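File shown: model.tsv. Contents: TSV, C-alpha atoms.
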```tsv
chain	number	residue	atom	x	y	z
L	923	MET	CA	0.00	0.00	0.00
L	924	THR	CA	1.16	3.53	-0.70
L	925	ALA	CA	0.11	6.56	1.32
L	926	LEU	CA	-0.87	9.78	-0.42
L	927	THR	CA	1.69	12.57	-0.44
L	928	TRP	CA	1.27	16.28	-1.11
L	929	ASP	CA	3.57	18.85	-2.74
L	930	ALA	CA	6.01	16.31	-4.13
L	931	THR	CA	9.03	17.84	-5.84
L	932	GLY	CA	8.29	18.70	-9.45
L	933	GLU	CA	4.52	18.21	-9.12
L	934	ARG	CA	3.57	21.78	-8.19
L	935	SER	CA	2.88	22.88	-11.74
L	936	TYR	CA	1.18	25.98	-13.07
L	937	GLN	CA	0.51	27.76	-16.35
L	938	GLN	CA	1.18	31.34	-17.32
L	939	GLY	CA	1.42	33.73	-20.24
L	940	ILE	CA	0.17	33.76	-23.80
L	941	SER	CA	2.46	33.85	-26.81
L	942	LYS	CA	3.00	32.76	-30.42
L	943	GLY	CA	-0.44	33.71	-31.66
L	944	VAL	CA	-1.21	32.77	-35.28
L	945	LEU	CA	-4.30	33.68	-37.33
L	946	TYR	CA	-5.47	31.24	-40.04
L	947	LEU	CA	-7.99	32.39	-42.67
L	948	ARG	CA	-10.23	30.22	-44.84
L	949	ASP	CA	-8.39	31.22	-48.03
L	950	GLY	CA	-5.14	29.75	-46.67
L	951	THR	CA	-3.67	33.05	-45.46
L	952	VAL	CA	-1.60	32.57	-42.31
L	953	VAL	CA	-0.22	35.52	-40.31
L	954	VAL	CA	1.49	35.99	-36.97
L	955	TRP	CA	-0.62	37.75	-34.33
L	956	ASN	CA	1.64	39.94	-32.20
L	957	GLY	CA	0.46	41.84	-29.14
L	958	LEU	CA	-1.81	39.25	-27.49
L	959	THR	CA	-2.35	40.14	-23.83
L	960	SER	CA	-4.89	37.62	-22.52
L	961	MET	CA	-7.28	34.83	-23.42
L	962	ASP	CA	-10.22	33.94	-21.17
L	963	GLU	CA	-11.30	30.40	-22.04
L	964	GLY	CA	-14.82	29.49	-21.02
L	965	SER	CA	-18.02	27.73	-21.98
L	966	ASP	CA	-21.78	28.14	-21.74
L	967	GLN	CA	-22.13	25.06	-19.55
L	968	ASP	CA	-25.25	25.18	-17.40
L	969	LEU	CA	-26.21	23.22	-14.27
L	970	THR	CA	-29.91	22.61	-13.63
L	971	SER	CA	-31.16	21.23	-10.30
L	972	TYR	CA	-34.46	19.38	-9.83
L	973	TYR	CA	-36.36	19.13	-6.54
L	974	LEU	CA	-39.17	16.92	-5.25
L	975	ASP	CA	-40.89	17.76	-1.97
L	976	GLY	CA	-38.15	20.27	-1.23
L	977	VAL	CA	-35.34	17.71	-1.69
L	978	LYS	CA	-32.88	17.81	-4.53
L	979	TYR	CA	-33.04	14.55	-6.45
L	980	LEU	CA	-31.23	15.29	-9.71
L	981	GLU	CA	-28.63	17.63	-11.19
L	982	ASN	CA	-28.29	17.88	-14.94
L	983	LEU	CA	-25.14	19.39	-16.45
L	984	THR	CA	-25.81	20.43	-20.04
L	985	PRO	CA	-23.06	19.93	-22.66
L	986	ALA	CA	-20.99	23.05	-23.13
L	987	ASP	CA	-19.93	25.02	-26.18
L	988	PHE	CA	-16.79	27.12	-26.35
L	989	GLU	CA	-16.83	30.82	-25.44
L	990	GLY	CA	-13.76	33.01	-25.12
L	991	LYS	CA	-12.58	36.56	-24.62
L	992	LEU	CA	-9.39	37.54	-26.46
L	993	LYS	CA	-7.52	40.78	-25.75
L	994	ALA	CA	-4.59	42.36	-27.57
L	995	TRP	CA	-2.79	45.67	-27.99
L	996	THR	CA	-2.79	45.19	-31.73
L	997	TYR	CA	-3.96	42.72	-34.36
L	998	PRO	CA	-3.03	41.77	-37.92
L	999	ASP	CA	-4.75	43.67	-40.74
L	1000	GLU	CA	-6.08	40.35	-42.04
L	1001	LEU	CA	-8.44	40.11	-39.05
L	1002	ASP	CA	-10.49	43.00	-40.44
L	1003	SER	CA	-11.77	40.90	-43.31
L	1004	VAL	CA	-13.15	38.14	-41.07
L	1005	MET	CA	-14.80	40.67	-38.73
L	1006	GLY	CA	-16.76	42.23	-41.57
L	1007	ILE	CA	-14.48	45.12	-42.52
L	1008	SER	CA	-13.81	45.11	-46.26
L	1009	GLN	CA	-11.02	47.07	-47.90
L	1010	VAL	CA	-12.50	48.06	-51.25
L	1011	ASP	CA	-9.56	50.26	-52.26
L	1012	PRO	CA	-6.17	50.98	-50.68
L	1013	GLY	CA	-6.98	52.98	-47.56
L	1014	LEU	CA	-10.79	52.73	-48.01
L	1015	GLN	CA	-12.66	50.40	-45.65
L	1016	LEU	CA	-16.34	49.54	-45.38
L	1017	TYR	CA	-17.70	48.30	-42.05
L	1018	GLU	CA	-20.71	46.06	-41.26
L	1019	GLN	CA	-19.90	43.57	-44.03
L	1020	PRO	CA	-20.56	39.81	-43.70
L	1021	PRO	CA	-18.12	38.21	-41.21
L	1022	GLN	CA	-16.21	34.98	-41.86
L	1023	ASN	CA	-14.95	32.25	-39.60
L	1024	PHE	CA	-11.26	31.62	-38.95
L	1025	CYS	CA	-8.91	29.49	-36.86
L	1026	LEU	CA	-6.45	30.54	-34.19
L	1027	SER	CA	-3.50	29.05	-32.35
L	1028	TYR	CA	-1.51	30.32	-29.37
L	1029	GLN	CA	0.73	28.96	-26.65
L	1030	THR	CA	0.64	29.03	-22.85
L	1031	LYS	CA	3.68	28.25	-20.71
L	1032	VAL	CA	3.90	25.28	-18.31
L	1033	SER	CA	6.11	25.68	-15.23
L	1034	ASN	CA	6.66	23.86	-11.94
L	1035	ASP	CA	8.59	24.27	-8.69
L	1036	GLN	CA	11.74	22.84	-10.27
L	1037	ASP	CA	11.66	24.18	-13.82
L	1038	PRO	CA	10.10	27.50	-14.90
L	1039	ASP	CA	10.36	26.29	-18.51
L	1040	ALA	CA	8.96	22.79	-18.08
L	1041	GLY	CA	7.03	22.97	-21.35
L	1042	TYR	CA	4.13	24.61	-23.12
L	1043	LYS	CA	0.65	23.97	-24.44
L	1044	ILE	CA	-0.46	24.76	-27.96
L	1045	HIS	CA	-4.12	25.79	-28.08
L	1046	LEU	CA	-6.00	25.28	-31.34
L	1047	LEU	CA	-9.38	26.97	-31.84
L	1048	TYR	CA	-11.49	25.87	-34.82
L	1049	ASN	CA	-14.12	27.72	-36.89
L	1050	LEU	CA	-14.24	30.91	-34.82
L	1051	LEU	CA	-16.35	34.02	-35.18
L	1052	ALA	CA	-15.20	37.21	-33.43
L	1053	VAL	CA	-17.43	39.99	-32.12
L	1054	PRO	CA	-15.34	43.05	-31.18
L	1055	ASP	CA	-15.93	45.00	-27.98
L	1056	GLU	CA	-16.51	48.71	-28.22
L	1057	ALA	CA	-13.21	50.60	-28.52
L	1058	SER	CA	-12.93	53.86	-26.58
L	1059	PHE	CA	-10.61	56.55	-27.95
L	1060	GLU	CA	-9.89	59.45	-25.59
L	1061	THR	CA	-8.09	62.74	-25.99
L	1062	LEU	CA	-4.31	62.65	-25.61
L	1063	SER	CA	-2.85	63.57	-22.24
L	1064	ASP	CA	0.22	62.97	-20.08
L	1065	ASP	CA	-1.22	59.64	-18.84
L	1066	SER	CA	-2.67	58.40	-22.14
L	1067	LYS	CA	-2.45	54.63	-22.68
L	1068	PRO	CA	-2.73	52.53	-25.81
L	1069	VAL	CA	-6.19	51.17	-26.58
L	1070	GLU	CA	-6.54	47.50	-25.72
L	1071	PHE	CA	-8.79	45.67	-28.19
L	1072	ALA	CA	-11.04	42.78	-27.16
L	1073	TRP	CA	-13.21	40.21	-28.96
L	1074	ASP	CA	-15.84	37.72	-27.83
L	1075	LEU	CA	-15.12	34.40	-29.53
L	1076	THR	CA	-17.50	31.58	-30.36
L	1077	GLY	CA	-17.01	28.65	-32.70
L	1078	THR	CA	-18.63	25.84	-34.63
L	1079	PRO	CA	-17.44	22.51	-33.17
L	1080	ASN	CA	-15.53	19.89	-35.14
L	1081	ALA	CA	-16.80	16.33	-34.94
L	1082	LEU	CA	-14.48	13.43	-34.11
L	1083	PRO	CA	-15.90	9.88	-33.94
L	1084	GLY	CA	-16.29	8.73	-30.36
L	1085	PHE	CA	-16.19	12.22	-28.87
L	1086	ARG	CA	-18.48	15.20	-28.54
L	1087	PRO	CA	-17.72	17.87	-31.19
L	1088	THR	CA	-15.32	20.53	-29.94
L	1089	VAL	CA	-13.83	23.89	-30.90
L	1090	HIS	CA	-10.87	23.79	-28.50
L	1091	VAL	CA	-7.96	21.33	-28.82
L	1092	VAL	CA	-4.76	21.45	-26.73
L	1093	LEU	CA	-1.36	19.87	-27.41
L	1094	ASP	CA	0.76	19.38	-24.26
L	1095	SER	CA	4.51	19.38	-24.92
L	1096	THR	CA	5.19	17.71	-21.55
L	1097	LYS	CA	3.22	14.61	-22.58
L	1098	ALA	CA	3.02	14.45	-26.38
L	1099	PRO	CA	5.63	12.35	-28.25
L	1100	ALA	CA	8.40	14.71	-29.37
L	1101	ASN	CA	8.33	13.61	-33.01
L	1102	VAL	CA	4.55	14.01	-33.25
L	1103	LEU	CA	4.71	17.45	-31.64
L	1104	GLU	CA	7.45	18.50	-34.05
L	1105	ALA	CA	5.39	17.32	-37.04
L	1106	ILE	CA	2.36	19.30	-35.87
L	1107	GLU	CA	4.42	22.43	-35.17
L	1108	ASN	CA	5.90	22.19	-38.67
L	1109	ILE	CA	2.33	22.18	-40.00
L	1110	LEU	CA	1.18	25.07	-37.79
L	1111	TYR	CA	4.22	27.32	-38.19
L	1112	GLY	CA	5.67	26.20	-41.52
L	1113	THR	CA	9.18	25.20	-42.52
L	1114	ASP	CA	11.70	26.19	-45.16
L	1115	GLU	CA	9.99	23.69	-47.48
L	1116	SER	CA	6.28	24.11	-46.61
L	1117	ASN	CA	3.89	26.94	-45.77
L	1118	ALA	CA	2.11	27.12	-42.44
L	1119	ARG	CA	-1.47	25.87	-42.34
L	1120	PHE	CA	-4.12	24.80	-39.83
L	1121	PRO	CA	-4.56	21.00	-39.52
L	1122	ASP	CA	-8.01	19.49	-39.31
L	1123	ILE	CA	-8.88	17.49	-36.23
L	1124	PHE	CA	-8.71	14.13	-38.04
L	1125	GLU	CA	-5.13	14.87	-39.10
L	1126	LEU	CA	-4.15	15.60	-35.49
L	1127	ARG	CA	-5.73	12.38	-34.31
L	1128	SER	CA	-4.03	10.34	-37.02
L	1129	LEU	CA	-0.61	11.81	-36.22
L	1130	PHE	CA	-0.92	10.80	-32.56
L	1131	ASN	CA	-1.85	7.27	-33.59
L	1132	THR	CA	0.67	6.73	-36.38
L	1133	ILE	CA	4.15	6.86	-34.88
L	1134	GLY	CA	6.27	4.79	-37.21
L	1135	VAL	CA	3.77	5.22	-40.05
L	1136	LEU	CA	4.00	7.16	-43.28
L	1137	THR	CA	0.80	9.22	-43.49
L	1138	ILE	CA	-0.49	10.37	-46.87
L	1139	ILE	CA	-3.00	13.26	-46.85
L	1140	ASP	CA	-5.05	14.24	-49.89
L	1141	ASN	CA	-5.18	18.05	-49.78
L	1142	GLY	CA	-8.22	18.07	-52.05
L	1143	ASP	CA	-6.66	20.44	-54.58
L	1144	GLY	CA	-4.77	17.94	-56.73
L	1145	THR	CA	-1.80	17.84	-54.34
L	1146	TRP	CA	-0.94	15.51	-51.50
L	1147	THR	CA	1.16	15.69	-48.35
L	1148	ALA	CA	3.39	12.94	-46.94
L	1149	ILE	CA	4.10	13.07	-43.19
L	1150	ASP	CA	6.89	10.93	-41.74
L	1151	VAL	CA	6.88	11.52	-37.96
L	1152	SER	CA	9.41	8.71	-37.39
L	1153	ASP	CA	11.80	10.12	-40.01
L	1154	VAL	CA	12.43	6.75	-41.67
L	1155	TYR	CA	10.41	6.89	-44.90
L	1156	ILE	CA	11.35	10.24	-46.47
L	1157	SER	CA	14.86	11.46	-47.30
L	1158	MET	CA	15.67	14.77	-48.99
L	1159	ASP	CA	17.93	14.30	-52.00
L	1160	THR	CA	18.13	18.02	-52.80
L	1161	PRO	CA	16.29	21.06	-51.38
L	1162	THR	CA	13.47	20.39	-53.88
L	1163	GLN	CA	13.64	16.60	-54.44
L	1164	PHE	CA	12.96	13.73	-52.08
L	1165	THR	CA	12.78	9.95	-52.01
L	1166	ILE	CA	10.09	7.90	-50.25
L	1167	THR	CA	11.03	4.31	-49.37
L	1168	GLY	CA	8.92	1.54	-47.88
L	1169	ALA	CA	5.62	3.17	-48.86
L	1170	ASP	CA	2.46	1.28	-49.74
L	1171	ALA	CA	2.18	1.95	-53.49
L	1172	THR	CA	0.18	0.34	-56.29
L	1173	MET	CA	1.24	0.78	-59.93
L	1174	LEU	CA	-1.76	1.80	-62.04
L	1175	ASP	CA	0.17	1.89	-65.32
L	1176	ALA	CA	3.76	2.31	-66.50
L	1177	THR	CA	3.95	5.94	-65.31
L	1178	THR	CA	1.20	6.24	-62.69
L	1179	TYR	CA	1.01	4.88	-59.18
L	1180	GLU	CA	-1.26	5.20	-56.15
L	1181	ILE	CA	0.37	5.78	-52.77
L	1182	SER	CA	-1.40	5.23	-49.45
L	1183	THR	CA	-0.75	5.39	-45.73
L	1184	THR	CA	1.39	2.54	-44.42
L	1185	THR	CA	0.71	0.38	-41.39
L	1186	PRO	CA	3.14	0.14	-38.43
```

Would you write out, as structure tokens, the structure that this file holds?
Amino acid sequence: MTALTWDATGERSYQQGISKGVLYLRDGTVVVWNGLTSMDEGSDQDLTSYYLDGVKYLENLTPADFEGKLKAWTYPDELDSVMGISQVDPGLQLYEQPPQNFCLSYQTKVSNDQDPDAGYKIHLLYNLLAVPDEASFETLSDDSKPVEFAWDLTGTPNALPGFRPTVHVVLDSTKAPANVLEAIENILYGTDESNARFPDIFELRSLFNTIGVLTIIDNGDGTWTAIDVSDVYISMDTPTQFTITGADATMLDATTYEISTTTP
């Protein structure tokens, strides 16, 4: 038998900060979001209590949907278009236009009593809509401060078989396999060979379940992506040419083949 212990060394962990914000638009545009100051993550979860003869006999907790409050000193120009601000000519903007949804990623820091840099969490928010708070601009004075912008965020959940649809997904660097985390960060932030993009939730799930597997993704635009999280299938011959070995491929004719995801 083992007795419970409290405050064990290295177990007093906490989170802090917000950094590395990235905005992802539906047209494939990806831009860094500098100046983030806070993110309040919440939900519209509701608890209903039922009574009979003055005695509580049931509590029902309704499923929750994501709600958030994002604040920043500044924001990328590209956010205007998804909030319903259209630039019809250079320097000419029209407000109250139809908004669009977008995706967002940012990081929070994980620390503990032994290591202030124990790790980080990457937060992924899918299919967001942003409603800006009122911005107050005051006359300049000796104690004038920059205007802090704020947005209420809601989102349309993504469905994943076996789970309730969700808007909010978190990747924990202190627990995720290093090679999987690296592969996902290369997707989110880009590399010298590939542009940054926002992965769908099925792709994330498949990466966590395919260590040692070559994953082939049909991008739906006539191109495909090969992901080798174990770094054993793909080798770069030149900066623009590569070789894939050990893949599951079927020759369709003398010059055409079909390639598919391997099995471990």

- Coordinates-based distance that separates atom CA of Pro985 of chain L from atom CA of Tyr972 of chain L (Å, one decimal): 17.2 Å

- Item | Leu1050 of chain L environment, 7 Å, all atoms listed in the file, sequence neighbours closer than 6 positions dropped, as a PyMOL selection string | chain L and resi 1023-1025+1075-1078

Write out as a tab-separated table the residues of segment 1094-1139 of chain L that have any atom within 12 Å of an atom of segment 951-962 of chain L, one row each with the nearest atom pair and its distance in Å to one decimal, counting all atoms listed in the file, sorted by chain and then rising number.
```
residue	atom	partner	partner_atom	distance
L:Ile1109	CA	L:Val952	CA	11.3
L:Leu1110	CA	L:Val952	CA	9.2
L:Tyr1111	CA	L:Val952	CA	8.9
L:Gly1112	CA	L:Val952	CA	9.7
L:Asn1117	CA	L:Val952	CA	8.6
L:Ala1118	CA	L:Val952	CA	6.6
L:Arg1119	CA	L:Val952	CA	6.7
L:Phe1120	CA	L:Val952	CA	8.5
```

- Message: I want to know what sits within 12 Å of segment 1145-1149 of chain L, based on all atoms listed in the file, with residues of the same chain fewer than 6 positions away left out; could you give that as number ranges by chain?
- Response: L: 1101-1102, 1104-1106, 1108-1109, 1115-1117, 1121, 1125-1126, 1128-1130, 1132-1139, 1155-1157, 1164-1167, 1169, 1180-1184

- Which polymer residues have any atom within 10 Å of an atom of segment 1029-1040 of chain L, counting all atoms listed in the file, with same-chain residues fewer than 2 positions away left out, as a list of chain:residue names? L:Asp929, L:Ala930, L:Thr931, L:Gly932, L:Glu933, L:Arg934, L:Ser935, L:Tyr936, L:Gln937, L:Gln938, L:Gly939, L:Ile940, L:Ser941, L:Lys942, L:Gly943, L:Val944, L:Met961, L:Ser1027, L:Tyr1042, L:Lys1043, L:Ile1044, L:His1045, L:Leu1046, L:Val1092, L:Leu1093, L:Asp1094, L:Ser1095, L:Thr1096

- Message: For a quick check of your reading of the model, name the residues lying within 6 Å of the coordinate (-14.1, 38.9, -31.9), counting only C-alpha atoms, and write them as a PyMOL selection string.
- Response: chain L and resi 1052-1054+1073-1075

- Item | Residue with smallest distance to Tyr1028 of chain L - pool L:Leu945, L:Gly1013, L:Glu981, L:Leu1062, counting only C-alpha atoms |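 Of L:Leu945, L:Gly1013, L:Glu981, L:Leu1062, the one nearest Tyr1028 of chain L is L:Leu945, counting only C-alpha atoms.
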
- Provide the atom CA of Pro1020 of chain L to atom CA of Ser1008 of chain L distance in Å, to one decimal place.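 Distance between the two atoms: 9.0 Å.
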
- One decimal, Å: what's the distance from atom CA of Arg1127 of chain L over to atom CA of Val1004 of chain L, could you say?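 Separation between atom CA of Arg1127 of chain L and atom CA of Val1004 of chain L: 27.6 Å.
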
- Query: When distances are computed from all atoms listed in the file, which of L:Leu1026, L:Met1173, L:Val1010, L:Ala986 shows the smallest separation from Leu1051 of chain L?
  - Reply: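 The shortest atom-to-atom distance to Leu1051 of chain L comes from L:Leu1026.
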
- Of the candidates L:Leu983, L:Ile1123, L:Leu1001, L:Ala1100, which one gets nearest to Leu969 of chain L if we count only C-alpha atoms?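 With only C-alpha atoms as the atom set, the closest residue is L:Leu983.
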
Centre and edge lengths, as lines of an AutoDock Vina configuration file, for the axis-aligned box enclosing every listed atom of segment 949-963 of chain L with 3 Å of padding on each of the six sides, in Å to one decimal?
```
center_x = -4.8
center_y = 35.8
center_z = -34.6
size_x = 18.9
size_y = 18.1
size_z = 32.9
```

- Query: Nearest to Glu963 of chain L: which of L:Pro998, L:Val1089, L:Ser1058, L:Asn1141 is it, counting all atoms listed in the file?
  - Reply: L:Val1089
